[in-house]
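coords22.pdb, holding PDB, N, CA and C atoms and all ligand atoms:
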ATOM      1  N   MET A   1       0.860  -1.194   0.000
ATOM      2  CA  MET A   1       0.000   0.000   0.000
ATOM      3  C   MET A   1       0.892   1.240   0.000
ATOM      4  N   THR A   2       0.889   1.955  -1.085
ATOM      5  CA  THR A   2       1.745   3.136  -1.170
ATOM      6  C   THR A   2       0.952   4.426  -1.158
ATOM      7  N   ARG A   3      -0.376   4.308  -1.309
ATOM      8  CA  ARG A   3      -1.212   5.516  -1.321
ATOM      9  C   ARG A   3      -1.716   5.754   0.103
ATOM     10  N   HIS A   4      -1.423   6.929   0.619
ATOM     11  CA  HIS A   4      -1.768   7.233   2.003
ATOM     12  C   HIS A   4      -2.642   8.476   2.066
ATOM     13  N   ARG A   5      -3.651   8.436   2.925
ATOM     14  CA  ARG A   5      -4.416   9.654   3.211
ATOM     15  C   ARG A   5      -3.513  10.572   4.010
ATOM     16  N   ILE A   6      -3.397  11.824   3.561
ATOM     17  CA  ILE A   6      -2.474  12.735   4.230
ATOM     18  C   ILE A   6      -3.215  13.844   4.960
ATOM     19  N   ALA A   7      -4.395  14.221   4.454
ATOM     20  CA  ALA A   7      -5.151  15.306   5.076
ATOM     21  C   ALA A   7      -6.560  15.331   4.509
ATOM     22  N   GLY A   8      -7.417  16.092   5.183
ATOM     23  CA  GLY A   8      -8.725  16.392   4.621
ATOM     24  C   GLY A   8      -8.606  17.631   3.738
ATOM     25  N   ILE A   9      -9.474  17.773   2.753
ATOM     26  CA  ILE A   9      -9.338  18.913   1.835
ATOM     27  C   ILE A   9      -9.562  20.242   2.552
ATOM     28  N   ASP A  10     -10.251  20.211   3.685
ATOM     29  CA  ASP A  10     -10.491  21.446   4.435
ATOM     30  C   ASP A  10      -9.398  21.741   5.459
ATOM     31  N   ASP A  11      -8.431  20.843   5.590
ATOM     32  CA  ASP A  11      -7.371  21.035   6.589
ATOM     33  C   ASP A  11      -6.362  22.087   6.165
ATOM     34  N   LEU A  12      -6.258  22.309   4.863
ATOM     35  CA  LEU A  12      -5.206  23.183   4.345
ATOM     36  C   LEU A  12      -5.817  24.184   3.360
ATOM     37  N   PRO A  13      -6.090  25.407   3.816
ATOM     38  CA  PRO A  13      -6.676  26.413   2.930
ATOM     39  C   PRO A  13      -5.742  26.755   1.766
ATOM     40  N   GLU A  14      -6.322  27.262   0.694
ATOM     41  CA  GLU A  14      -5.542  27.668  -0.473
ATOM     42  C   GLU A  14      -4.481  28.693  -0.046
ATOM     43  N   GLY A  15      -3.265  28.508  -0.568
ATOM     44  CA  GLY A  15      -2.175  29.425  -0.253
ATOM     45  C   GLY A  15      -1.397  29.052   0.995
ATOM     46  N   GLU A  16      -1.673  27.864   1.555
ATOM     47  CA  GLU A  16      -0.945  27.434   2.753
ATOM     48  C   GLU A  16      -0.259  26.094   2.514
ATOM     49  N   MET A  17       0.699  25.789   3.370
ATOM     50  CA  MET A  17       1.385  24.495   3.315
ATOM     51  C   MET A  17       1.640  24.005   4.730
ATOM     52  N   ALA A  18       1.895  22.698   4.863
ATOM     53  CA  ALA A  18       2.108  22.103   6.181
ATOM     54  C   ALA A  18       2.905  20.817   6.032
ATOM     55  N   LYS A  19       3.486  20.408   7.162
ATOM     56  CA  LYS A  19       4.292  19.186   7.210
ATOM     57  C   LYS A  19       3.446  18.021   7.694
ATOM     58  N   TYR A  20       3.594  16.863   7.043
ATOM     59  CA  TYR A  20       2.886  15.654   7.455
ATOM     60  C   TYR A  20       3.874  14.491   7.445
ATOM     61  N   ASP A  21       3.821  13.662   8.487
ATOM     62  CA  ASP A  21       4.598  12.427   8.528
ATOM     63  C   ASP A  21       3.688  11.300   8.072
ATOM     64  N   VAL A  22       4.077  10.640   7.012
ATOM     65  CA  VAL A  22       3.236   9.594   6.452
ATOM     66  C   VAL A  22       4.116   8.516   5.808
ATOM     67  N   GLY A  23       3.818   7.266   6.128
ATOM     68  CA  GLY A  23       4.533   6.143   5.522
ATOM     69  C   GLY A  23       6.038   6.197   5.723
ATOM     70  N   GLY A  24       6.487   6.737   6.847
ATOM     71  CA  GLY A  24       7.913   6.799   7.129
ATOM     72  C   GLY A  24       8.620   7.964   6.446
ATOM     73  N   ARG A  25       7.874   8.831   5.797
ATOM     74  CA  ARG A  25       8.468  10.002   5.138
ATOM     75  C   ARG A  25       7.872  11.275   5.721
ATOM     76  N   THR A  26       8.589  12.358   5.553
ATOM     77  CA  THR A  26       8.077  13.659   5.954
ATOM     78  C   THR A  26       7.805  14.448   4.680
ATOM     79  N   ILE A  27       6.546  14.826   4.535
ATOM     80  CA  ILE A  27       6.050  15.433   3.303
ATOM     81  C   ILE A  27       5.652  16.877   3.576
ATOM     82  N   CYS A  28       5.963  17.750   2.634
ATOM     83  CA  CYS A  28       5.462  19.125   2.655
ATOM     84  C   CYS A  28       4.323  19.193   1.642
ATOM     85  N   LEU A  29       3.119  19.389   2.160
ATOM     86  CA  LEU A  29       1.922  19.460   1.312
ATOM     87  C   LEU A  29       1.499  20.919   1.208
ATOM     88  N   ALA A  30       1.218  21.365  -0.004
ATOM     89  CA  ALA A  30       0.758  22.736  -0.227
ATOM     90  C   ALA A  30      -0.549  22.713  -1.001
ATOM     91  N   ASN A  31      -1.371  23.698  -0.706
ATOM     92  CA  ASN A  31      -2.565  23.948  -1.502
ATOM     93  C   ASN A  31      -2.254  25.198  -2.330
ATOM     94  N   VAL A  32      -1.701  24.964  -3.504
ATOM     95  CA  VAL A  32      -1.187  26.052  -4.340
ATOM     96  C   VAL A  32      -2.355  26.765  -5.026
ATOM     97  N   LYS A  33      -2.373  28.081  -4.880
ATOM     98  CA  LYS A  33      -3.452  28.886  -5.474
ATOM     99  C   LYS A  33      -3.562  28.632  -6.967
ATOM    100  N   GLY A  34      -4.762  28.302  -7.411
ATOM    101  CA  GLY A  34      -5.013  28.103  -8.833
ATOM    102  C   GLY A  34      -4.524  26.784  -9.379
ATOM    103  N   VAL A  35      -3.870  25.985  -8.540
ATOM    104  CA  VAL A  35      -3.304  24.706  -8.978
ATOM    105  C   VAL A  35      -3.908  23.543  -8.206
ATOM    106  N   GLY A  36      -3.954  23.674  -6.878
ATOM    107  CA  GLY A  36      -4.467  22.603  -6.030
ATOM    108  C   GLY A  36      -3.375  22.018  -5.166
ATOM    109  N   PHE A  37      -3.615  20.822  -4.681
ATOM    110  CA  PHE A  37      -2.685  20.195  -3.733
ATOM    111  C   PHE A  37      -1.473  19.631  -4.461
ATOM    112  N   ARG A  38      -0.289  19.905  -3.891
ATOM    113  CA  ARG A  38       0.974  19.377  -4.406
ATOM    114  C   ARG A  38       1.810  18.937  -3.218
ATOM    115  N   ALA A  39       2.630  17.892  -3.415
ATOM    116  CA  ALA A  39       3.426  17.341  -2.316
ATOM    117  C   ALA A  39       4.874  17.132  -2.750
ATOM    118  N   ILE A  40       5.794  17.537  -1.880
ATOM    119  CA  ILE A  40       7.233  17.326  -2.106
ATOM    120  C   ILE A  40       7.856  16.815  -0.809
ATOM    121  N   ASP A  41       9.075  16.276  -0.930
ATOM    122  CA  ASP A  41       9.830  15.941   0.283
ATOM    123  C   ASP A  41      10.036  17.210   1.091
ATOM    124  N   ASP A  42       9.948  17.067   2.423
ATOM    125  CA  ASP A  42      10.018  18.256   3.288
ATOM    126  C   ASP A  42      11.435  18.763   3.492
ATOM    127  N   ARG A  43      12.455  18.001   3.090
ATOM    128  CA  ARG A  43      13.836  18.374   3.394
ATOM    129  C   ARG A  43      14.473  19.120   2.234
ATOM    130  N   CYS A  44      15.004  20.286   2.541
ATOM    131  CA  CYS A  44      15.757  21.059   1.560
ATOM    132  C   CYS A  44      17.001  20.269   1.160
ATOM    133  N   THR A  45      17.319  20.259  -0.134
ATOM    134  CA  THR A  45      18.496  19.519  -0.602
ATOM    135  C   THR A  45      19.793  20.287  -0.365
ATOM    136  N   HIS A  46      19.700  21.500   0.151
ATOM    137  CA  HIS A  46      20.917  22.263   0.446
ATOM    138  C   HIS A  46      21.530  21.797   1.759
ATOM    139  N   GLU A  47      20.822  22.012   2.873
ATOM    140  CA  GLU A  47      21.356  21.586   4.167
ATOM    141  C   GLU A  47      20.273  21.001   5.057
ATOM    142  N   ASP A  48      19.256  20.383   4.438
ATOM    143  CA  ASP A  48      18.316  19.536   5.173
ATOM    144  C   ASP A  48      17.319  20.297   6.044
ATOM    145  N   GLU A  49      17.088  21.548   5.775
ATOM    146  CA  GLU A  49      16.097  22.306   6.539
ATOM    147  C   GLU A  49      14.684  21.852   6.153
ATOM    148  N   SER A  50      13.743  22.050   7.078
ATOM    149  CA  SER A  50      12.353  21.702   6.803
ATOM    150  C   SER A  50      11.709  22.770   5.913
ATOM    151  N   LEU A  51      11.313  22.366   4.705
ATOM    152  CA  LEU A  51      10.740  23.342   3.761
ATOM    153  C   LEU A  51       9.382  23.856   4.216
ATOM    154  N   SER A  52       8.656  23.034   4.961
ATOM    155  CA  SER A  52       7.327  23.465   5.408
ATOM    156  C   SER A  52       7.416  24.600   6.432
ATOM    157  N   GLU A  53       8.638  24.842   6.950
ATOM    158  CA  GLU A  53       8.844  25.974   7.862
ATOM    159  C   GLU A  53       9.114  27.264   7.089
ATOM    160  N   GLY A  54       9.205  27.121   5.761
ATOM    161  CA  GLY A  54       9.537  28.259   4.918
ATOM    162  C   GLY A  54       8.304  29.006   4.431
ATOM    163  N   PHE A  55       8.392  29.485   3.192
ATOM    164  CA  PHE A  55       7.377  30.390   2.662
ATOM    165  C   PHE A  55       6.860  29.869   1.328
ATOM    166  N   LEU A  56       5.559  29.903   1.164
ATOM    167  CA  LEU A  56       4.941  29.528  -0.109
ATOM    168  C   LEU A  56       4.833  30.787  -0.959
ATOM    169  N   CYS A  57       5.524  30.765  -2.088
ATOM    170  CA  CYS A  57       5.581  31.926  -2.977
ATOM    171  C   CYS A  57       5.031  31.499  -4.335
ATOM    172  N   GLY A  58       3.752  31.671  -4.546
ATOM    173  CA  GLY A  58       3.145  31.202  -5.786
ATOM    174  C   GLY A  58       3.213  29.696  -5.863
ATOM    175  N   GLU A  59       3.902  29.185  -6.893
ATOM    176  CA  GLU A  59       4.047  27.731  -7.067
ATOM    177  C   GLU A  59       5.360  27.225  -6.487
ATOM    178  N   ASP A  60       6.107  28.099  -5.814
ATOM    179  CA  ASP A  60       7.408  27.723  -5.249
ATOM    180  C   ASP A  60       7.359  27.753  -3.723
ATOM    181  N   VAL A  61       8.278  26.978  -3.121
ATOM    182  CA  VAL A  61       8.517  27.097  -1.688
ATOM    183  C   VAL A  61       9.907  27.690  -1.507
ATOM    184  N   GLU A  62      10.017  28.605  -0.561
ATOM    185  CA  GLU A  62      11.319  29.197  -0.240
ATOM    186  C   GLU A  62      11.783  28.654   1.096
ATOM    187  N   CYS A  63      12.988  28.076   1.107
ATOM    188  CA  CYS A  63      13.558  27.517   2.331
ATOM    189  C   CYS A  63      13.836  28.632   3.339
ATOM    190  N   PRO A  64      13.514  28.396   4.618
ATOM    191  CA  PRO A  64      13.710  29.446   5.617
ATOM    192  C   PRO A  64      15.176  29.662   5.990
ATOM    193  N   ALA A  65      16.050  28.705   5.663
ATOM    194  CA  ALA A  65      17.436  28.816   6.125
ATOM    195  C   ALA A  65      18.270  29.762   5.264
ATOM    196  N   HIS A  66      18.350  29.493   3.975
ATOM    197  CA  HIS A  66      19.223  30.290   3.096
ATOM    198  C   HIS A  66      18.520  30.750   1.833
ATOM    199  N   GLY A  67      17.215  30.516   1.750
ATOM    200  CA  GLY A  67      16.433  31.113   0.666
ATOM    201  C   GLY A  67      16.354  30.333  -0.629
ATOM    202  N   SER A  68      16.823  29.084  -0.652
ATOM    203  CA  SER A  68      16.631  28.298  -1.878
ATOM    204  C   SER A  68      15.150  28.179  -2.189
ATOM    205  N   ARG A  69      14.855  28.099  -3.476
ATOM    206  CA  ARG A  69      13.457  27.921  -3.894
ATOM    207  C   ARG A  69      13.326  26.662  -4.739
ATOM    208  N   PHE A  70      12.167  25.989  -4.548
ATOM    209  CA  PHE A  70      11.858  24.788  -5.315
ATOM    210  C   PHE A  70      10.431  24.901  -5.842
ATOM    211  N   SER A  71      10.236  24.371  -7.050
ATOM    212  CA  SER A  71       8.906  24.362  -7.642
ATOM    213  C   SER A  71       8.083  23.223  -7.058
ATOM    214  N   PHE A  72       6.866  23.528  -6.612
ATOM    215  CA  PHE A  72       5.966  22.467  -6.166
ATOM    216  C   PHE A  72       5.472  21.639  -7.348
ATOM    217  N   LEU A  73       5.598  22.154  -8.553
ATOM    218  CA  LEU A  73       5.090  21.442  -9.735
ATOM    219  C   LEU A  73       6.095  20.424 -10.262
ATOM    220  N   THR A  74       7.389  20.773 -10.208
ATOM    221  CA  THR A  74       8.405  19.904 -10.804
ATOM    222  C   THR A  74       9.460  19.433  -9.811
ATOM    223  N   GLY A  75       9.583  20.093  -8.666
ATOM    224  CA  GLY A  75      10.640  19.798  -7.706
ATOM    225  C   GLY A  75      11.958  20.460  -8.060
ATOM    226  N   GLU A  76      12.043  21.080  -9.239
ATOM    227  CA  GLU A  76      13.294  21.691  -9.675
ATOM    228  C   GLU A  76      13.637  22.924  -8.834
ATOM    229  N   VAL A  77      14.935  23.196  -8.753
ATOM    230  CA  VAL A  77      15.410  24.382  -8.054
ATOM    231  C   VAL A  77      15.049  25.620  -8.878
ATOM    232  N   SER A  78      14.436  26.584  -8.225
ATOM    233  CA  SER A  78      14.129  27.845  -8.907
ATOM    234  C   SER A  78      14.833  29.018  -8.237
ATOM    235  N   GLY A  79      15.653  28.705  -7.221
ATOM    236  CA  GLY A  79      16.440  29.746  -6.573
ATOM    237  C   GLY A  79      17.579  29.120  -5.786
ATOM    238  N   LEU A  80      18.797  29.611  -5.958
ATOM    239  CA  LEU A  80      19.986  29.103  -5.264
ATOM    240  C   LEU A  80      19.932  29.471  -3.778
ATOM    241  N   PRO A  81      20.737  28.799  -2.927
ATOM    242  CA  PRO A  81      21.953  28.046  -3.240
ATOM    243  C   PRO A  81      21.762  26.551  -3.525
ATOM    244  N   ALA A  82      20.600  25.960  -3.297
ATOM    245  CA  ALA A  82      20.416  24.537  -3.590
ATOM    246  C   ALA A  82      20.620  24.295  -5.082
ATOM    247  N   THR A  83      21.125  23.106  -5.419
ATOM    248  CA  THR A  83      21.312  22.752  -6.827
ATOM    249  C   THR A  83      20.596  21.461  -7.199
ATOM    250  N   MET A  84      20.208  20.663  -6.180
ATOM    251  CA  MET A  84      19.539  19.385  -6.446
ATOM    252  C   MET A  84      18.035  19.533  -6.233
ATOM    253  N   PRO A  85      17.219  18.951  -7.113
ATOM    254  CA  PRO A  85      15.764  19.056  -6.961
ATOM    255  C   PRO A  85      15.261  18.249  -5.760
ATOM    256  N   VAL A  86      14.043  18.544  -5.338
ATOM    257  CA  VAL A  86      13.366  17.721  -4.340
ATOM    258  C   VAL A  86      12.400  16.789  -5.057
ATOM    259  N   ARG A  87      12.065  15.696  -4.398
ATOM    260  CA  ARG A  87      11.131  14.747  -4.992
ATOM    261  C   ARG A  87       9.709  15.290  -4.920
ATOM    262  N   VAL A  88       8.970  15.077  -6.000
ATOM    263  CA  VAL A  88       7.574  15.474  -6.076
ATOM    264  C   VAL A  88       6.725  14.203  -6.083
ATOM    265  N   TYR A  89       5.707  14.174  -5.249
ATOM    266  CA  TYR A  89       4.862  12.993  -5.145
ATOM    267  C   TYR A  89       3.526  13.200  -5.855
ATOM    268  N   GLU A  90       2.988  12.095  -6.367
ATOM    269  CA  GLU A  90       1.679  12.156  -7.004
ATOM    270  C   GLU A  90       0.608  12.326  -5.921
ATOM    271  N   VAL A  91      -0.260  13.292  -6.137
ATOM    272  CA  VAL A  91      -1.316  13.615  -5.174
ATOM    273  C   VAL A  91      -2.670  13.400  -5.848
ATOM    274  N   SER A  92      -3.608  12.872  -5.086
ATOM    275  CA  SER A  92      -4.971  12.735  -5.597
ATOM    276  C   SER A  92      -5.946  13.173  -4.519
ATOM    277  N   VAL A  93      -7.103  13.638  -4.969
ATOM    278  CA  VAL A  93      -8.161  14.058  -4.049
ATOM    279  C   VAL A  93      -9.357  13.160  -4.301
ATOM    280  N   ASP A  94      -9.862  12.587  -3.210
ATOM    281  CA  ASP A  94     -10.942  11.614  -3.339
ATOM    282  C   ASP A  94     -11.835  11.694  -2.107
ATOM    283  N   ASP A  95     -13.109  11.947  -2.331
ATOM    284  CA  ASP A  95     -14.101  11.886  -1.264
ATOM    285  C   ASP A  95     -13.719  12.736  -0.053
ATOM    286  N   GLY A  96     -13.243  13.964  -0.317
ATOM    287  CA  GLY A  96     -12.953  14.891   0.770
ATOM    288  C   GLY A  96     -11.594  14.729   1.409
ATOM    289  N   SER A  97     -10.782  13.823   0.887
ATOM    290  CA  SER A  97      -9.453  13.607   1.456
ATOM    291  C   SER A  97      -8.375  13.787   0.401
ATOM    292  N   VAL A  98      -7.182  14.153   0.876
ATOM    293  CA  VAL A  98      -6.019  14.284   0.007
ATOM    294  C   VAL A  98      -5.128  13.063   0.245
ATOM    295  N   TYR A  99      -4.729  12.405  -0.854
ATOM    296  CA  TYR A  99      -3.876  11.227  -0.772
ATOM    297  C   TYR A  99      -2.558  11.501  -1.473
ATOM    298  N   VAL A 100      -1.500  10.893  -0.959
ATOM    299  CA  VAL A 100      -0.204  10.978  -1.619
ATOM    300  C   VAL A 100       0.277   9.552  -1.872
ATOM    301  N   ASP A 101       0.821   9.343  -3.080
ATOM    302  CA  ASP A 101       1.358   8.028  -3.428
ATOM    303  C   ASP A 101       2.870   8.090  -3.307
ATOM    304  N   LEU A 102       3.402   7.410  -2.296
ATOM    305  CA  LEU A 102       4.836   7.506  -2.000
ATOM    306  C   LEU A 102       5.682   6.735  -2.993
ATOM    307  N   ALA A 103       5.070   5.886  -3.809
ATOM    308  CA  ALA A 103       5.849   5.082  -4.753
ATOM    309  C   ALA A 103       5.908   5.712  -6.130
ATOM    310  N   VAL A 104       5.099   6.736  -6.364
ATOM    311  CA  VAL A 104       4.975   7.277  -7.713
ATOM    312  C   VAL A 104       5.373   8.742  -7.720
ATOM    313  N   ASP A 105       6.386   9.048  -8.541
ATOM    314  CA  ASP A 105       6.733  10.451  -8.740
ATOM    315  C   ASP A 105       5.652  11.096  -9.590
ATOM    316  N   ALA A 106       5.346  12.338  -9.284
ATOM    317  CA  ALA A 106       4.373  13.061 -10.095
ATOM    318  C   ALA A 106       4.928  13.217 -11.508
ATOM    319  N   PRO A 107       4.061  13.079 -12.517
ATOM    320  CA  PRO A 107       4.549  13.259 -13.888
ATOM    321  C   PRO A 107       5.063  14.675 -14.089
ATOM    322  N   SER A 108       6.170  14.788 -14.809
ATOM    323  CA  SER A 108       6.751  16.116 -15.015
ATOM    324  C   SER A 108       5.842  16.989 -15.860
ATOM    325  N   SER A 109       4.873  16.382 -16.543
ATOM    326  CA  SER A 109       3.930  17.150 -17.349
ATOM    327  C   SER A 109       2.999  17.978 -16.469
ATOM    328  N   ALA A 110       3.072  17.750 -15.139
ATOM    329  CA  ALA A 110       2.248  18.539 -14.219
ATOM    330  C   ALA A 110       2.716  19.984 -14.187
ATOM    331  N   ALA A 111       3.892  20.236 -14.767
ATOM    332  CA  ALA A 111       4.440  21.597 -14.737
ATOM    333  C   ALA A 111       3.609  22.556 -15.562
TER     334      ALA A 111
HETATM  335  S1  LIG B   1      19.042  24.562   4.027
HETATM  336 FE1  LIG B   1      17.607  25.252   2.545
HETATM  337  S2  LIG B   1      18.653  26.847   1.530
HETATM  338 FE2  LIG B   1      20.101  26.115   2.927
END

Step by step, read the file and then write its structure as structure tokens.
Amino acid sequence: MTRHRIAGIDDLPEGEMAKYDVGGRTICLANVKGVGFRAIDDRCTHEDESLSEGFLCGEDVECPAHGSRFSFLTGEVSGLPATMPVRVYEVSVDDGSVYVDLAVDAPSSAA
């Protein structure tokens, strides 16, 4: 079983993000304005800071430690000093709940 319920759709208002521990991983889930729910690994690839402690800037998250930015759509770095992308997880919404599939990377076409 790789698909896990991570939150209710009302738990995370549009424009907010939060940290969830699920299936042995720590996930940063965001409700991106105009896009919907997106999930990435919570750890910054620069020096391991928690991204959910940072700032949601449109479709990007900004790390609170040194300001690296990552796209919630692709996981790619959109602002230095980080150079390695974060993992993006496939998210689905079903019957009032948000699910994340820990075995499946989100398709890059989601960008
Ligand atoms: S730990 Fe995230 S930018 Fe340095």

- Query: Which one is closest to ligand LIG 1 (chain B): A:Ser52, A:Ser68, A:Thr2, A:Asn31? Count all atoms listed in the file.
  - Reply: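 For ligand LIG 1 (chain B), the nearest of the given residues is A:Ser68.
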
To test the calculation: enclose all listed atoms of ligand LIG 1 (chain B) in a box whose edges run along x, y and z, add 3 Å on each side, then state centre and edge lengths in Å to one decimal, as AutoDock Vina command-line options.
--center_x 18.9 --center_y 25.7 --center_z 2.8 --size_x 8.5 --size_y 8.3 --size_z 8.5

- Task: Name the residues, by chain letter and number, that sit within 6 Å of ligand LIG 1 (chain B) using only N, CA and C atoms and all ligand atoms, and give them as a VMD selection string.
- Result: chain A and resid 44 to 49 63 to 68 81 to 82

- Task: Take CA of Leu51 (chain A) and CA of Arg3 (chain A) and report the distance between them in Å, one decimal.
- Result: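 Here the two named atoms are 22.1 Å from each other.
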
May I have the residues within 12 Å of region 94-102 of chain A as a short mmCIF file (atom, residue, chain, number, x, y, z; two decimals) with N, CA and C atoms, in the frame of the given file, using only C-alpha atoms and disregarding those fewer than 3 positions away in the same chain?
data_model
loop_
_atom_site.label_atom_id
_atom_site.label_comp_id
_atom_site.auth_asym_id
_atom_site.auth_seq_id
_atom_site.Cartn_x
_atom_site.Cartn_y
_atom_site.Cartn_z
N MET A 1 0.86 -1.19 0.00
CA MET A 1 0.00 0.00 0.00
C MET A 1 0.89 1.24 0.00
N THR A 2 0.89 1.96 -1.08
CA THR A 2 1.74 3.14 -1.17
C THR A 2 0.95 4.43 -1.16
N ARG A 3 -0.38 4.31 -1.31
CA ARG A 3 -1.21 5.52 -1.32
C ARG A 3 -1.72 5.75 0.10
N HIS A 4 -1.42 6.93 0.62
CA HIS A 4 -1.77 7.23 2.00
C HIS A 4 -2.64 8.48 2.07
N ARG A 5 -3.65 8.44 2.92
CA ARG A 5 -4.42 9.65 3.21
C ARG A 5 -3.51 10.57 4.01
N ILE A 6 -3.40 11.82 3.56
CA ILE A 6 -2.47 12.74 4.23
C ILE A 6 -3.22 13.84 4.96
N ALA A 7 -4.39 14.22 4.45
CA ALA A 7 -5.15 15.31 5.08
C ALA A 7 -6.56 15.33 4.51
N GLY A 8 -7.42 16.09 5.18
CA GLY A 8 -8.72 16.39 4.62
C GLY A 8 -8.61 17.63 3.74
N ILE A 9 -9.47 17.77 2.75
CA ILE A 9 -9.34 18.91 1.84
C ILE A 9 -9.56 20.24 2.55
N ASP A 10 -10.25 20.21 3.68
CA ASP A 10 -10.49 21.45 4.43
C ASP A 10 -9.40 21.74 5.46
N ASP A 11 -8.43 20.84 5.59
CA ASP A 11 -7.37 21.04 6.59
C ASP A 11 -6.36 22.09 6.16
N LEU A 12 -6.26 22.31 4.86
CA LEU A 12 -5.21 23.18 4.34
C LEU A 12 -5.82 24.18 3.36
N TYR A 20 3.59 16.86 7.04
CA TYR A 20 2.89 15.65 7.46
C TYR A 20 3.87 14.49 7.44
N ASP A 21 3.82 13.66 8.49
CA ASP A 21 4.60 12.43 8.53
C ASP A 21 3.69 11.30 8.07
N VAL A 22 4.08 10.64 7.01
CA VAL A 22 3.24 9.59 6.45
C VAL A 22 4.12 8.52 5.81
N GLY A 23 3.82 7.27 6.13
CA GLY A 23 4.53 6.14 5.52
C GLY A 23 6.04 6.20 5.72
N GLY A 24 6.49 6.74 6.85
CA GLY A 24 7.91 6.80 7.13
C GLY A 24 8.62 7.96 6.45
N ARG A 25 7.87 8.83 5.80
CA ARG A 25 8.47 10.00 5.14
C ARG A 25 7.87 11.28 5.72
N THR A 26 8.59 12.36 5.55
CA THR A 26 8.08 13.66 5.95
C THR A 26 7.80 14.45 4.68
N ILE A 27 6.55 14.83 4.54
CA ILE A 27 6.05 15.43 3.30
C ILE A 27 5.65 16.88 3.58
N CYS A 28 5.96 17.75 2.63
CA CYS A 28 5.46 19.12 2.66
C CYS A 28 4.32 19.19 1.64
N LEU A 29 3.12 19.39 2.16
CA LEU A 29 1.92 19.46 1.31
C LEU A 29 1.50 20.92 1.21
N ALA A 30 1.22 21.36 0.00
CA ALA A 30 0.76 22.74 -0.23
C ALA A 30 -0.55 22.71 -1.00
N ASN A 31 -1.37 23.70 -0.71
CA ASN A 31 -2.56 23.95 -1.50
C ASN A 31 -2.25 25.20 -2.33
N GLY A 36 -3.95 23.67 -6.88
CA GLY A 36 -4.47 22.60 -6.03
C GLY A 36 -3.38 22.02 -5.17
N PHE A 37 -3.62 20.82 -4.68
CA PHE A 37 -2.68 20.20 -3.73
C PHE A 37 -1.47 19.63 -4.46
N ARG A 38 -0.29 19.90 -3.89
CA ARG A 38 0.97 19.38 -4.41
C ARG A 38 1.81 18.94 -3.22
N ALA A 39 2.63 17.89 -3.42
CA ALA A 39 3.43 17.34 -2.32
C ALA A 39 4.87 17.13 -2.75
N ILE A 40 5.79 17.54 -1.88
CA ILE A 40 7.23 17.33 -2.11
C ILE A 40 7.86 16.82 -0.81
N ASP A 41 9.07 16.28 -0.93
CA ASP A 41 9.83 15.94 0.28
C ASP A 41 10.04 17.21 1.09
N ARG A 87 12.06 15.70 -4.40
CA ARG A 87 11.13 14.75 -4.99
C ARG A 87 9.71 15.29 -4.92
N VAL A 88 8.97 15.08 -6.00
CA VAL A 88 7.57 15.47 -6.08
C VAL A 88 6.72 14.20 -6.08
N TYR A 89 5.71 14.17 -5.25
CA TYR A 89 4.86 12.99 -5.14
C TYR A 89 3.53 13.20 -5.86
N GLU A 90 2.99 12.10 -6.37
CA GLU A 90 1.68 12.16 -7.00
C GLU A 90 0.61 12.33 -5.92
N VAL A 91 -0.26 13.29 -6.14
CA VAL A 91 -1.32 13.62 -5.17
C VAL A 91 -2.67 13.40 -5.85
N ASP A 105 6.39 9.05 -8.54
CA ASP A 105 6.73 10.45 -8.74
C ASP A 105 5.65 11.10 -9.59
N ALA A 106 5.35 12.34 -9.28
CA ALA A 106 4.37 13.06 -10.10
C ALA A 106 4.93 13.22 -11.51
#

- Query: Can you list, as a PyMOL selection string, every residue of chain A that DSSP puts in helix (DSSP H, G or I)?
  - Reply: chain A and resi 51-53+108-110

Taking N, CA and C atoms for each residue, export the selection above as an mmCIF file, keeping the file's coordinate frame.
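result_7.cif written:
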data_model
loop_
_atom_site.group_PDB
_atom_site.id
_atom_site.type_symbol
_atom_site.label_atom_id
_atom_site.label_comp_id
_atom_site.auth_asym_id
_atom_site.auth_seq_id
_atom_site.Cartn_x
_atom_site.Cartn_y
_atom_site.Cartn_z
ATOM 1 N N LEU A 51 11.313 22.366 4.705
ATOM 2 C CA LEU A 51 10.740 23.342 3.761
ATOM 3 C C LEU A 51 9.382 23.856 4.216
ATOM 4 N N SER A 52 8.656 23.034 4.961
ATOM 5 C CA SER A 52 7.327 23.465 5.408
ATOM 6 C C SER A 52 7.416 24.600 6.432
ATOM 7 N N GLU A 53 8.638 24.842 6.950
ATOM 8 C CA GLU A 53 8.844 25.974 7.862
ATOM 9 C C GLU A 53 9.114 27.264 7.089
ATOM 10 N N SER A 108 6.170 14.788 -14.809
ATOM 11 C CA SER A 108 6.751 16.116 -15.015
ATOM 12 C C SER A 108 5.842 16.989 -15.860
ATOM 13 N N SER A 109 4.873 16.382 -16.543
ATOM 14 C CA SER A 109 3.930 17.150 -17.349
ATOM 15 C C SER A 109 2.999 17.978 -16.469
ATOM 16 N N ALA A 110 3.072 17.750 -15.139
ATOM 17 C CA ALA A 110 2.248 18.539 -14.219
ATOM 18 C C ALA A 110 2.716 19.984 -14.187
#

- Computed interatomic separation between atom C of Ala18 (chain A) and CA of Ser50 (chain A) (Å):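 Separation of atom C of Ala18 (chain A) and CA of Ser50 (chain A): 9.5 Å.
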
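Between atom C of Ser78 (chain A) and CA of Lys19 (chain A) the separation is 21.1 Å.
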
- Using the chain letters and numbers from the file, which residues does the PyMOL selection byres (((chain A and resi 60) around 5) and not hetatm) grab, as a list in words? Leu56, Cys57, Gly58, Glu59, Val61, Glu62, Phe70, Ser71 and Phe72 of chain A
